[in-house]
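Report on one structure; see the data block that follows.
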Amino acid sequence: MNDDFVGSWAYRSFLRDADLSTSFENLRFGTGTMVLVDEGEGVLTGSLGGSGWSLSLTGQWTASDPHTMKVQGRGEIGGELWVYDYLGYLAPAWPTGVDETPSILGSIIRTQAHSSGTAPAGFVASWYAVKQQ
């Protein structure tokens with residue numbers, strides 16, 4: 001069992017926009033709470049959700065340097081199935097860091113297009129999560 005990923009995390013995801021004139025608020029893709037549970041044998045389950053949406057998470061973690069997690073989120077939102085894959089890395093702690101909070105850094109891909117046709121499969125964004133104490 002590995003407790004590094006276990007717990008409740010403040011989740012934020014951002015569009016990948018190289019234009020520095022884009023306002024920070026316009027980079028927002030999503031925010032919510034990510035809850036991760038270690039089921040043993042490297043299996044992770046949990047949930048990710050915010051205002052008006054929730055996904056069930058299933059996947060795994062790997063003891064590597066840094067520790068890695070890969071989960072898939074699935075849920076019905078507004079009458080359509082959302083499916084996203086999340087790849088994340090436990091951020092290494094700085095040896096001289098002060099009051100450092102554990103965080104996960106990663107990327108997300110929309111695995112299945114939304115049925116409305118306005119959200120295609122293959123869309124990629126960046127995300128990070130900060131452990132809630």
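All residue names refer to the structure tokens as shown: chains lettered A, B, ... in order, residues numbered from 1 in each chain, ligands numbered from 1 in order.
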Non-local contacts of Ser51 (chain A) (8 Å; only C-alpha atoms; under 2 positions in same chain excluded) as a ChimeraX atom specification:
/A:32,49,53
Resulting file, chosen residues, N, CA and C atoms, as a tab-separated table (two decimals), in the first residue's frame:
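Generated file (out35.tsv):
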```
chain	number	residue	atom	x	y	z
A	32	GLY	N	-12.12	21.21	-9.06
A	32	GLY	CA	-12.93	20.30	-8.27
A	32	GLY	C	-12.12	19.65	-7.17
A	49	GLY	N	-14.75	15.69	-8.91
A	49	GLY	CA	-15.95	16.43	-9.23
A	49	GLY	C	-15.91	17.84	-8.73
A	53	TRP	N	-20.72	18.46	-11.85
A	53	TRP	CA	-20.12	17.31	-12.53
A	53	TRP	C	-19.39	16.40	-11.54
```
Need to verify the contact set: Gln132 (chain A), 10 Å, only C-alpha atoms, exclusion of same-chain residues closer than 4 positions in sequence. Can you return it as number ranges by chain?
A: 7-10, 33-35, 101-103
So which bits of chain A end up strand (DSSP E) when you DSSP the backbone, as a PyMOL selection string?
chain A and resi 7-14+28-40+43-50+53-62+68-77+80-90+103-112+124-131
Within 6 Å of region 83-88 of chain A, counting only C-alpha atoms, which residues qualify if same-chain residues fewer than 2 places away don't, as a ChimeraX atom specification?
/A:68-74,104-112
Near-Asp4 (chain A) list (12 Å; only C-alpha atoms; drop same-chain fewer than 5 positions) as a count of residues only
25
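Distance check against Glu80 (chain A) using only C-alpha atoms: of A:Ser21, A:Ala113, A:Gly52, A:Leu57, the minimum falls on A:Ala113.
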Residue among A:Pro120, A:Gly97, A:His114, A:Gly50 lying closest to Glu76 (chain A), counting only C-alpha atoms:
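Among the listed residues, the smallest separation from Glu76 (chain A) belongs to A:His114.
Here CA of Ala125 (chain A) stands at a distance of 9.4 Å from CA of Asp17 (chain A).
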For a quick check of understanding, using only C-alpha atoms, which of A:Trp82, A:Thr58, A:Trp127, A:Ser116 has the smallest distance to Phe29 (chain A)?
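Looking only at the distances to Phe29 (chain A), the closest residue turns out to be A:Trp127.
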Write down as a VMD selection string the residues belonging to region 4-133 of chain A that are assigned helix (DSSP H, G or I) by DSSP computed on the backbone.
chain A and resid 24 to 27
